[in-house]
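> The following block contains the structure, expressed as structure tokens.
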Amino acid sequence: MKNISVIGSGTMGNGIAHVFAQTGYTVNLIDISQDALDRAIATISKNLDRLIKKEKITEADKTATLGNITTFTKLADGVKEADLVVEAATENMALKLDIFKQIDEHTKPSCILASNTSSISITKIGSATNRKDKVIGMHFMNPVPVMKLVEVIRGYSTSDETTDTIMELSKKLSKVPVEVNDYPGFVANRILMPMINEAIYTLYEGVAGVEEIDTVMKLGMAHPMGPLQLADFIGLDVCLSIMRVLHDGFGNPKYAPCPLLVNMVEAGVLGAKSGEGFYKYEAGSKDLVVSKQFQK
């Protein structure tokens with residue numbers, strides 16, 4: 001396995017491309033927008049510069065890593081030689097099914113098709129292809145170059161051979177793969193998202209304020225970041241999408257998304273990426289300021 005194609009050049013996609021390229025793989029990074037691809041390469045370059053400052057890599061390593069990445073705006077051109085395709089597009093079922101149908105049509109029969117989905121059924125995604133045995137989940141954590149975990153999700157029809165190949169490949173990336181089965185939210189988000197949703201309910205019901213909730217979890221539970229701040233960085237729209245997958249998948253009211261979360265997303269308040277969520281985010285500032293909506 002030498003040629004890797006990554007679909008989607010956002011936060012997760014550029015991080016996945018970075019890790020593969022730095023490990024020596026040839027990477028085709030694919031997005032419909034050339035501007036998005038240019039931003040992705042600039043982000044990878046900045047992240048490599050940080051590693052140089054920390055003396056973890058050299059300038060030559062940076063040059064080699066960037067040299068391993070080629071960008072494409074046409075999916076068919078970007079995947080035709082791939083041994084593995086990793087899809088890292090928006091967490092939207094219809095979009096992912098369409099992408100996988102296209103990938104299936106334009107890749108060689110031996111190519112493994114992976115999704116970085118954080119909650120959507122791998123079995124369902126595989127149903128859009130004619131190679132269900134070669135469809136698998138590779139759920140990387142953000143930020144990809146830093147976080148060690150890869151949640152490897154087996155669909156109902158995913159073969160042992162495909163699973164073993166992806167487990168070994170993840171280790172070659174200096175990651176720690178954990179194999180899980182294909183049920184709503186897998187392991188990471190089945191546990192994390194209800195906690196975040198409960199933190200939002202705690203705020204919604206007036207039990208405590210934003211800072212107080214996050215402080216309790218940071219100092220009391222040794223979490224590096226409070227659940228409300230974490231929700232902002234994940235994206236409140238993503239949190240809502242995952243809660244809906246859990247709610248629909250299990251039919252259990254305990255997974256119902258908090259009305260406050262729903263309202264914030266409908267208002268376009270999505271967290272760090274929109275400049276405001278439970279906290280306010282301004283370019284160049286590292287101060288953690290609670291959004292006016294939640295200030296006492």
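Going through the structure tokens in order, the chains are called A, B, and so on, while each chain numbers its residues from 1 and the ligands are numbered from 1 in the order shown.
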Report as JSON lines the residues of region 78-152 of chain A within 12 Å of region 10-14 of chain A, each with its shortest atom pair and distance in Å (one decimal), using only C-alpha atoms, ordered by chain and increasing residue number.


{"residue": "A:Val85", "atom": "CA", "partner": "A:Gly13", "partner_atom": "CA", "distance": 11.4}
{"residue": "A:Val86", "atom": "CA", "partner": "A:Gly13", "partner_atom": "CA", "distance": 8.5}
{"residue": "A:Glu87", "atom": "CA", "partner": "A:Gly13", "partner_atom": "CA", "distance": 7.8}
{"residue": "A:Ala88", "atom": "CA", "partner": "A:Gly13", "partner_atom": "CA", "distance": 5.3}
{"residue": "A:Ala89", "atom": "CA", "partner": "A:Gly13", "partner_atom": "CA", "distance": 7.6}
{"residue": "A:Thr90", "atom": "CA", "partner": "A:Gly10", "partner_atom": "CA", "distance": 8.9}
{"residue": "A:Glu91", "atom": "CA", "partner": "A:Met12", "partner_atom": "CA", "distance": 11.3}
{"residue": "A:Ser115", "atom": "CA", "partner": "A:Gly13", "partner_atom": "CA", "distance": 10.7}
{"residue": "A:Asn116", "atom": "CA", "partner": "A:Met12", "partner_atom": "CA", "distance": 8.2}
{"residue": "A:Thr117", "atom": "CA", "partner": "A:Met12", "partner_atom": "CA", "distance": 10.2}
{"residue": "A:Ser118", "atom": "CA", "partner": "A:Met12", "partner_atom": "CA", "distance": 10.9}
{"residue": "A:Met138", "atom": "CA", "partner": "A:Met12", "partner_atom": "CA", "distance": 11.4}
{"residue": "A:His139", "atom": "CA", "partner": "A:Met12", "partner_atom": "CA", "distance": 9.7}
{"residue": "A:Phe140", "atom": "CA", "partner": "A:Met12", "partner_atom": "CA", "distance": 7.7}
{"residue": "A:Met141", "atom": "CA", "partner": "A:Met12", "partner_atom": "CA", "distance": 8.0}
{"residue": "A:Asn142", "atom": "CA", "partner": "A:Met12", "partner_atom": "CA", "distance": 6.7}
{"residue": "A:Pro143", "atom": "CA", "partner": "A:Met12", "partner_atom": "CA", "distance": 7.4}
{"residue": "A:Val144", "atom": "CA", "partner": "A:Met12", "partner_atom": "CA", "distance": 6.7}
{"residue": "A:Pro145", "atom": "CA", "partner": "A:Asn14", "partner_atom": "CA", "distance": 9.7}
{"residue": "A:Val146", "atom": "CA", "partner": "A:Met12", "partner_atom": "CA", "distance": 11.9}
{"residue": "A:Met147", "atom": "CA", "partner": "A:Met12", "partner_atom": "CA", "distance": 11.6}

> Go ahead and save the picked residues with all heavy atoms, as a short mmCIF file (atom, residue, chain, number, x, y, z; two decimals), in the first residue's frame.


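Final output, selection_33.cif:
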data_model
loop_
_atom_site.label_atom_id
_atom_site.label_comp_id
_atom_site.auth_asym_id
_atom_site.auth_seq_id
_atom_site.Cartn_x
_atom_site.Cartn_y
_atom_site.Cartn_z
N VAL A 85 -8.46 4.83 -0.06
CA VAL A 85 -9.10 6.14 -0.06
C VAL A 85 -9.67 6.38 1.33
O VAL A 85 -10.37 5.53 1.88
CB VAL A 85 -10.24 6.23 -1.11
CG1 VAL A 85 -10.92 7.60 -1.03
CG2 VAL A 85 -9.71 5.98 -2.51
N VAL A 86 -9.35 7.54 1.91
CA VAL A 86 -9.92 7.93 3.20
C VAL A 86 -10.82 9.14 2.96
O VAL A 86 -10.34 10.20 2.56
CB VAL A 86 -8.83 8.28 4.24
CG1 VAL A 86 -9.48 8.64 5.58
CG2 VAL A 86 -7.85 7.13 4.41
N GLU A 87 -12.11 8.97 3.19
CA GLU A 87 -13.07 10.06 3.02
C GLU A 87 -13.18 10.84 4.32
O GLU A 87 -13.39 10.26 5.38
CB GLU A 87 -14.42 9.46 2.59
CG GLU A 87 -15.59 10.43 2.63
CD GLU A 87 -16.25 10.48 4.00
OE1 GLU A 87 -16.40 9.43 4.65
OE2 GLU A 87 -16.60 11.60 4.44
N ALA A 88 -13.01 12.16 4.22
CA ALA A 88 -13.10 13.03 5.40
C ALA A 88 -13.96 14.25 5.07
O ALA A 88 -13.59 15.38 5.37
CB ALA A 88 -11.71 13.45 5.86
N ALA A 89 -15.09 13.99 4.42
CA ALA A 89 -16.01 15.07 4.05
C ALA A 89 -16.94 15.39 5.21
O ALA A 89 -16.86 14.79 6.28
CB ALA A 89 -16.79 14.67 2.81
N THR A 90 -17.84 16.32 4.99
CA THR A 90 -18.81 16.75 6.01
C THR A 90 -19.63 15.56 6.51
O THR A 90 -19.93 14.64 5.75
CB THR A 90 -19.75 17.81 5.42
OG1 THR A 90 -18.96 18.89 4.92
CG2 THR A 90 -20.71 18.35 6.46
N GLU A 91 -19.98 15.60 7.80
CA GLU A 91 -20.72 14.50 8.44
C GLU A 91 -22.18 14.53 8.00
O GLU A 91 -23.08 14.93 8.74
CB GLU A 91 -20.58 14.62 9.95
CG GLU A 91 -20.98 13.39 10.72
CD GLU A 91 -19.98 12.25 10.65
OE1 GLU A 91 -19.04 12.31 9.84
OE2 GLU A 91 -20.15 11.30 11.41
N SER A 115 -13.80 5.51 5.73
CA SER A 115 -14.44 6.77 6.08
C SER A 115 -13.95 7.23 7.45
O SER A 115 -13.79 6.42 8.36
CB SER A 115 -15.97 6.61 6.12
OG SER A 115 -16.56 7.82 6.55
N ASN A 116 -13.72 8.53 7.56
CA ASN A 116 -13.35 9.11 8.84
C ASN A 116 -14.59 9.53 9.64
O ASN A 116 -14.50 10.27 10.60
CB ASN A 116 -12.45 10.34 8.62
CG ASN A 116 -11.99 10.97 9.92
OD1 ASN A 116 -11.38 10.33 10.76
ND2 ASN A 116 -12.31 12.24 10.10
N THR A 117 -15.76 9.04 9.24
CA THR A 117 -16.98 9.41 9.94
C THR A 117 -16.86 9.18 11.44
O THR A 117 -16.24 8.23 11.90
CB THR A 117 -18.20 8.61 9.40
OG1 THR A 117 -19.37 9.01 10.12
CG2 THR A 117 -18.01 7.11 9.56
N SER A 118 -17.49 10.08 12.19
CA SER A 118 -17.45 9.96 13.65
C SER A 118 -18.69 9.29 14.20
O SER A 118 -18.76 9.03 15.41
CB SER A 118 -17.30 11.36 14.27
OG SER A 118 -18.32 12.22 13.82
N MET A 138 -12.11 4.57 9.55
CA MET A 138 -10.85 5.01 10.17
C MET A 138 -11.14 6.35 10.83
O MET A 138 -11.02 7.40 10.20
CB MET A 138 -9.72 5.16 9.15
CG MET A 138 -9.12 3.89 8.63
SD MET A 138 -7.66 4.20 7.58
CE MET A 138 -6.37 4.43 8.83
N HIS A 139 -11.57 6.31 12.07
CA HIS A 139 -11.96 7.53 12.78
C HIS A 139 -10.75 8.10 13.51
O HIS A 139 -10.41 7.67 14.61
CB HIS A 139 -13.10 7.22 13.75
CG HIS A 139 -13.59 8.42 14.50
ND1 HIS A 139 -14.21 8.32 15.73
CD2 HIS A 139 -13.55 9.75 14.21
CE1 HIS A 139 -14.53 9.52 16.15
NE2 HIS A 139 -14.13 10.41 15.26
N PHE A 140 -10.08 9.05 12.87
CA PHE A 140 -8.96 9.75 13.48
C PHE A 140 -9.50 10.80 14.46
O PHE A 140 -10.62 11.27 14.34
CB PHE A 140 -8.12 10.46 12.41
CG PHE A 140 -7.35 9.55 11.50
CD1 PHE A 140 -7.94 9.00 10.38
CD2 PHE A 140 -6.01 9.27 11.75
CE1 PHE A 140 -7.23 8.17 9.52
CE2 PHE A 140 -5.28 8.44 10.91
CZ PHE A 140 -5.89 7.88 9.79
N MET A 141 -8.67 11.19 15.42
CA MET A 141 -9.04 12.20 16.40
C MET A 141 -8.37 13.53 16.03
O MET A 141 -7.32 13.56 15.39
CB MET A 141 -8.60 11.78 17.81
CG MET A 141 -9.15 10.42 18.24
SD MET A 141 -10.94 10.37 18.46
CE MET A 141 -11.37 8.96 17.42
N ASN A 142 -8.97 14.61 16.47
CA ASN A 142 -8.47 15.94 16.16
C ASN A 142 -7.70 16.53 17.35
O ASN A 142 -8.20 16.47 18.48
CB ASN A 142 -9.67 16.85 15.82
CG ASN A 142 -9.27 18.23 15.40
OD1 ASN A 142 -8.20 18.45 14.83
ND2 ASN A 142 -10.12 19.20 15.68
N PRO A 143 -6.48 17.08 17.13
CA PRO A 143 -5.75 17.23 15.87
C PRO A 143 -5.04 15.93 15.46
O PRO A 143 -4.36 15.32 16.29
CB PRO A 143 -4.75 18.35 16.16
CG PRO A 143 -4.53 18.28 17.65
CD PRO A 143 -5.82 17.79 18.25
N VAL A 144 -5.20 15.57 14.21
CA VAL A 144 -4.73 14.27 13.74
C VAL A 144 -3.22 14.05 13.94
O VAL A 144 -2.81 12.97 14.38
CB VAL A 144 -5.10 14.07 12.24
CG1 VAL A 144 -4.61 12.71 11.75
CG2 VAL A 144 -6.60 14.18 12.05
N PRO A 145 -2.37 15.05 13.65
CA PRO A 145 -0.93 14.80 13.83
C PRO A 145 -0.52 14.54 15.28
O PRO A 145 0.53 13.96 15.54
CB PRO A 145 -0.27 16.09 13.31
CG PRO A 145 -1.28 16.67 12.38
CD PRO A 145 -2.61 16.37 13.02
N VAL A 146 -1.35 14.95 16.23
CA VAL A 146 -1.01 14.85 17.65
C VAL A 146 -1.66 13.64 18.32
O VAL A 146 -1.03 12.91 19.09
CB VAL A 146 -1.42 16.14 18.40
CG1 VAL A 146 -1.17 16.00 19.90
CG2 VAL A 146 -0.70 17.34 17.82
N MET A 147 -2.94 13.42 18.04
CA MET A 147 -3.71 12.40 18.75
C MET A 147 -3.37 11.00 18.25
O MET A 147 -3.31 10.75 17.05
CB MET A 147 -5.20 12.66 18.59
CG MET A 147 -5.63 14.02 19.15
SD MET A 147 -5.48 14.12 20.94
CE MET A 147 -7.00 13.31 21.43
#

> Could you list, as an MDAnalysis selection string, every residue within 12 Å of Tyr204 (chain A), counting only C-alpha atoms and ignoring same-chain residues fewer than 2 positions away?

chainID A and resid 197:202 206:210 213 228 257:264 278 293:294

> Select, from A:Leu230, A:Leu173, A:Ile99, A:Met1, the residue with the minimum atom-to-atom distance to Asp214 (chain A), counting only C-alpha atoms.

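Once distances to Asp214 (chain A) are computed over only C-alpha atoms, the minimum belongs to A:Leu230.
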
> What's the 7 Å shell around region 271-275 of chain A, counting only C-alpha atoms, without same-chain residues fewer than 3 positions away, as a PyMOL selection string?

chain A and resi 232-233+235-236+278+280-282

> With only C-alpha atoms as the atoms that count, which of A:Val135, A:Ile52, A:Val265, A:Ile196 lies nearest to Ile166 (chain A)?

A:Val135

> Which one is closest to Glu151 (chain A): A:Gly249, A:Gly126, A:Gly8, A:Gly185? Count only C-alpha atoms.

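Checking each of A:Gly249, A:Gly126, A:Gly8, A:Gly185 against Glu151 (chain A), counting only C-alpha atoms, the winner is A:Gly185.
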
> Counting only C-alpha atoms, which of A:Gly24, A:Gly251, A:Pro109, A:Gly220 gets nearest to Ile69 (chain A)?

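Selected residue with least distance to Ile69 (chain A): A:Gly24.
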
> Which of these, A:Leu288, A:Ile16, A:Ser5, A:Ser170, has the shortest distance to Met225 (chain A) once you count only C-alpha atoms?

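Among A:Leu288, A:Ile16, A:Ser5, A:Ser170, it is A:Leu288 that comes nearest to Met225 (chain A).
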
> Pick out each residue of region 99-204 of chain A that DSSP on the backbone tags as helix (DSSP H, G or I); I need them as a VMD selection string.

chain A and resid 99 to 106 122 to 126 132 to 134 160 to 172 188 to 204

> Could you check the closest approach to Gln229 (chain A) for each of A:Ala42, A:Ala256, A:Val178, A:Leu270 and tell me which residue wins, using only C-alpha atoms?

A:Leu270

> What does the distance from CA of Gly155 (chain A) to CA of Ile122 (chain A) come to in Å, to one decimal?

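The value is 4.9 Å.
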
> Write out as a PDB file with all heavy atoms, in the first residue's frame all residues of region 160-287 of chain A that DSSP puts in strand (DSSP E) for this structure's backbone.


ATOM      1  N   VAL A 176      -2.367   4.383  17.518  1.00  0.00           N
ATOM      2  CA  VAL A 176      -2.832   3.220  18.280  1.00  0.00           C
ATOM      3  C   VAL A 176      -4.239   2.885  17.786  1.00  0.00           C
ATOM      4  O   VAL A 176      -5.205   3.590  18.137  1.00  0.00           O
ATOM      5  CB  VAL A 176      -2.835   3.489  19.787  1.00  0.00           C
ATOM      6  CG1 VAL A 176      -3.356   2.270  20.542  1.00  0.00           C
ATOM      7  CG2 VAL A 176      -1.431   3.870  20.272  1.00  0.00           C
ATOM      8  N   PRO A 177      -4.388   1.843  16.962  1.00  0.00           N
ATOM      9  CA  PRO A 177      -5.717   1.500  16.468  1.00  0.00           C
ATOM     10  C   PRO A 177      -6.496   0.665  17.477  1.00  0.00           C
ATOM     11  O   PRO A 177      -5.935  -0.182  18.165  1.00  0.00           O
ATOM     12  CB  PRO A 177      -5.407   0.673  15.207  1.00  0.00           C
ATOM     13  CG  PRO A 177      -4.092   0.019  15.512  1.00  0.00           C
ATOM     14  CD  PRO A 177      -3.329   0.993  16.382  1.00  0.00           C
ATOM     15  N   VAL A 178      -7.795   0.933  17.560  1.00  0.00           N
ATOM     16  CA  VAL A 178      -8.680   0.155  18.420  1.00  0.00           C
ATOM     17  C   VAL A 178      -9.851  -0.310  17.556  1.00  0.00           C
ATOM     18  O   VAL A 178     -10.561   0.508  16.967  1.00  0.00           O
ATOM     19  CB  VAL A 178      -9.199   0.984  19.611  1.00  0.00           C
ATOM     20  CG1 VAL A 178     -10.207   0.176  20.428  1.00  0.00           C
ATOM     21  CG2 VAL A 178      -8.039   1.437  20.499  1.00  0.00           C
ATOM     22  N   GLU A 179     -10.047  -1.619  17.473  1.00  0.00           N
ATOM     23  CA  GLU A 179     -11.115  -2.173  16.646  1.00  0.00           C
ATOM     24  C   GLU A 179     -12.439  -2.145  17.396  1.00  0.00           C
ATOM     25  O   GLU A 179     -12.531  -2.589  18.536  1.00  0.00           O
ATOM     26  CB  GLU A 179     -10.770  -3.615  16.249  1.00  0.00           C
ATOM     27  CG  GLU A 179     -11.823  -4.272  15.370  1.00  0.00           C
ATOM     28  CD  GLU A 179     -11.494  -5.723  15.060  1.00  0.00           C
ATOM     29  OE1 GLU A 179     -10.303  -6.110  15.134  1.00  0.00           O
ATOM     30  OE2 GLU A 179     -12.438  -6.483  14.757  1.00  0.00           O
ATOM     31  N   VAL A 180     -13.470  -1.596  16.740  1.00  0.00           N
ATOM     32  CA  VAL A 180     -14.811  -1.567  17.335  1.00  0.00           C
ATOM     33  C   VAL A 180     -15.828  -1.987  16.283  1.00  0.00           C
ATOM     34  O   VAL A 180     -15.546  -1.976  15.087  1.00  0.00           O
ATOM     35  CB  VAL A 180     -15.167  -0.164  17.886  1.00  0.00           C
ATOM     36  CG1 VAL A 180     -14.130   0.312  18.877  1.00  0.00           C
ATOM     37  CG2 VAL A 180     -15.315   0.851  16.761  1.00  0.00           C
ATOM     38  N   ASN A 181     -17.010  -2.355  16.746  1.00  0.00           N
ATOM     39  CA  ASN A 181     -18.073  -2.769  15.834  1.00  0.00           C
ATOM     40  C   ASN A 181     -18.965  -1.595  15.460  1.00  0.00           C
ATOM     41  O   ASN A 181     -18.960  -0.547  16.111  1.00  0.00           O
ATOM     42  CB  ASN A 181     -18.887  -3.905  16.445  1.00  0.00           C
ATOM     43  CG  ASN A 181     -18.094  -5.206  16.490  1.00  0.00           C
ATOM     44  OD1 ASN A 181     -17.411  -5.554  15.539  1.00  0.00           O
ATOM     45  ND2 ASN A 181     -18.174  -5.913  17.608  1.00  0.00           N
ATOM     46  N   TYR A 279     -18.391  30.050  24.112  1.00  0.00           N
ATOM     47  CA  TYR A 279     -17.364  31.079  24.309  1.00  0.00           C
ATOM     48  C   TYR A 279     -17.261  31.923  23.043  1.00  0.00           C
ATOM     49  O   TYR A 279     -17.743  31.539  21.969  1.00  0.00           O
ATOM     50  CB  TYR A 279     -16.009  30.432  24.615  1.00  0.00           C
ATOM     51  CG  TYR A 279     -15.959  29.654  25.913  1.00  0.00           C
ATOM     52  CD1 TYR A 279     -16.282  28.307  25.949  1.00  0.00           C
ATOM     53  CD2 TYR A 279     -15.598  30.272  27.101  1.00  0.00           C
ATOM     54  CE1 TYR A 279     -16.241  27.584  27.139  1.00  0.00           C
ATOM     55  CE2 TYR A 279     -15.554  29.561  28.307  1.00  0.00           C
ATOM     56  CZ  TYR A 279     -15.877  28.212  28.316  1.00  0.00           C
ATOM     57  OH  TYR A 279     -15.833  27.509  29.491  1.00  0.00           O
ATOM     58  N   LYS A 280     -16.620  33.083  23.178  1.00  0.00           N
ATOM     59  CA  LYS A 280     -16.378  33.983  22.052  1.00  0.00           C
ATOM     60  C   LYS A 280     -14.948  33.779  21.561  1.00  0.00           C
ATOM     61  O   LYS A 280     -14.021  33.661  22.359  1.00  0.00           O
ATOM     62  CB  LYS A 280     -16.568  35.435  22.499  1.00  0.00           C
ATOM     63  CG  LYS A 280     -16.511  36.453  21.382  1.00  0.00           C
ATOM     64  CD  LYS A 280     -17.800  36.492  20.599  1.00  0.00           C
ATOM     65  CE  LYS A 280     -17.754  37.620  19.555  1.00  0.00           C
ATOM     66  NZ  LYS A 280     -18.941  37.586  18.671  1.00  0.00           N
TER      67      LYS A 280
END

> Give me, please, the distance in Å between CA of Ala188 (chain A) and CA of Asp237 (chain A), quoted to one decimal.

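Distance between the two atoms: 17.4 Å.
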
> Quick one: residues within 10 Å of Asp182 (chain A), only C-alpha atoms, excluding same-chain residues fewer than 2 positions away - as a list in words?

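Listing them by chain and then by number gives Ser119, Ile120, Ser121, Ile122, Thr123, Lys124, Ile136, Gly137, Val152, Ile153, Arg154, Gly155, Tyr156, Thr158, Glu179, Val180, Pro184, Gly185, Phe186 and Val187 of chain A.
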
> Excluding Lys74 (chain A) and residues on its chain fewer than 4 positions from it, collect all residues at most 10 Å away from it, counting only C-alpha atoms, and give them as an MDAnalysis selection string.

chainID A and resid 30:33 78:79

> The selected residues should be written to file as a compact mmCIF listing (two decimals), in the first residue's frame (atoms: all heavy atoms).


# COMPACT_ATOMS: atom_id res chain seq x y z
N ILE A 30 -7.95 15.66 -2.14
CA ILE A 30 -9.02 15.98 -3.09
C ILE A 30 -10.08 16.86 -2.42
O ILE A 30 -10.55 16.57 -1.31
CB ILE A 30 -9.68 14.68 -3.61
CG1 ILE A 30 -8.63 13.74 -4.20
CG2 ILE A 30 -10.77 14.99 -4.62
CD1 ILE A 30 -9.09 12.30 -4.32
N ASP A 31 -10.46 17.93 -3.13
CA ASP A 31 -11.55 18.77 -2.67
C ASP A 31 -12.14 19.46 -3.89
O ASP A 31 -11.43 19.66 -4.88
CB ASP A 31 -11.04 19.82 -1.66
CG ASP A 31 -12.14 20.37 -0.76
OD1 ASP A 31 -13.10 20.98 -1.31
OD2 ASP A 31 -12.07 20.21 0.47
N ILE A 32 -13.41 19.84 -3.82
CA ILE A 32 -14.02 20.51 -4.98
C ILE A 32 -13.51 21.95 -5.12
O ILE A 32 -13.64 22.55 -6.18
CB ILE A 32 -15.55 20.52 -4.89
CG1 ILE A 32 -16.02 21.18 -3.59
CG2 ILE A 32 -16.11 19.10 -4.99
CD1 ILE A 32 -17.54 21.36 -3.51
N SER A 33 -12.91 22.49 -4.07
CA SER A 33 -12.44 23.88 -4.06
C SER A 33 -10.93 23.95 -4.04
O SER A 33 -10.28 23.45 -3.11
CB SER A 33 -13.01 24.61 -2.84
OG SER A 33 -12.34 25.83 -2.62
N GLY A 78 -8.19 11.93 -8.85
CA GLY A 78 -7.44 11.81 -7.60
C GLY A 78 -7.42 10.43 -6.98
O GLY A 78 -6.56 10.13 -6.15
N VAL A 79 -8.36 9.55 -7.38
CA VAL A 79 -8.46 8.23 -6.73
C VAL A 79 -8.07 7.06 -7.65
O VAL A 79 -8.00 5.92 -7.17
CB VAL A 79 -9.88 7.97 -6.18
CG1 VAL A 79 -10.28 9.05 -5.20
CG2 VAL A 79 -10.90 7.84 -7.31

> By how many Å are CA of Val27 (chain A) and CA of Ile4 (chain A) apart?

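For CA of Val27 (chain A) relative to CA of Ile4 (chain A), the distance reads 4.8 Å.
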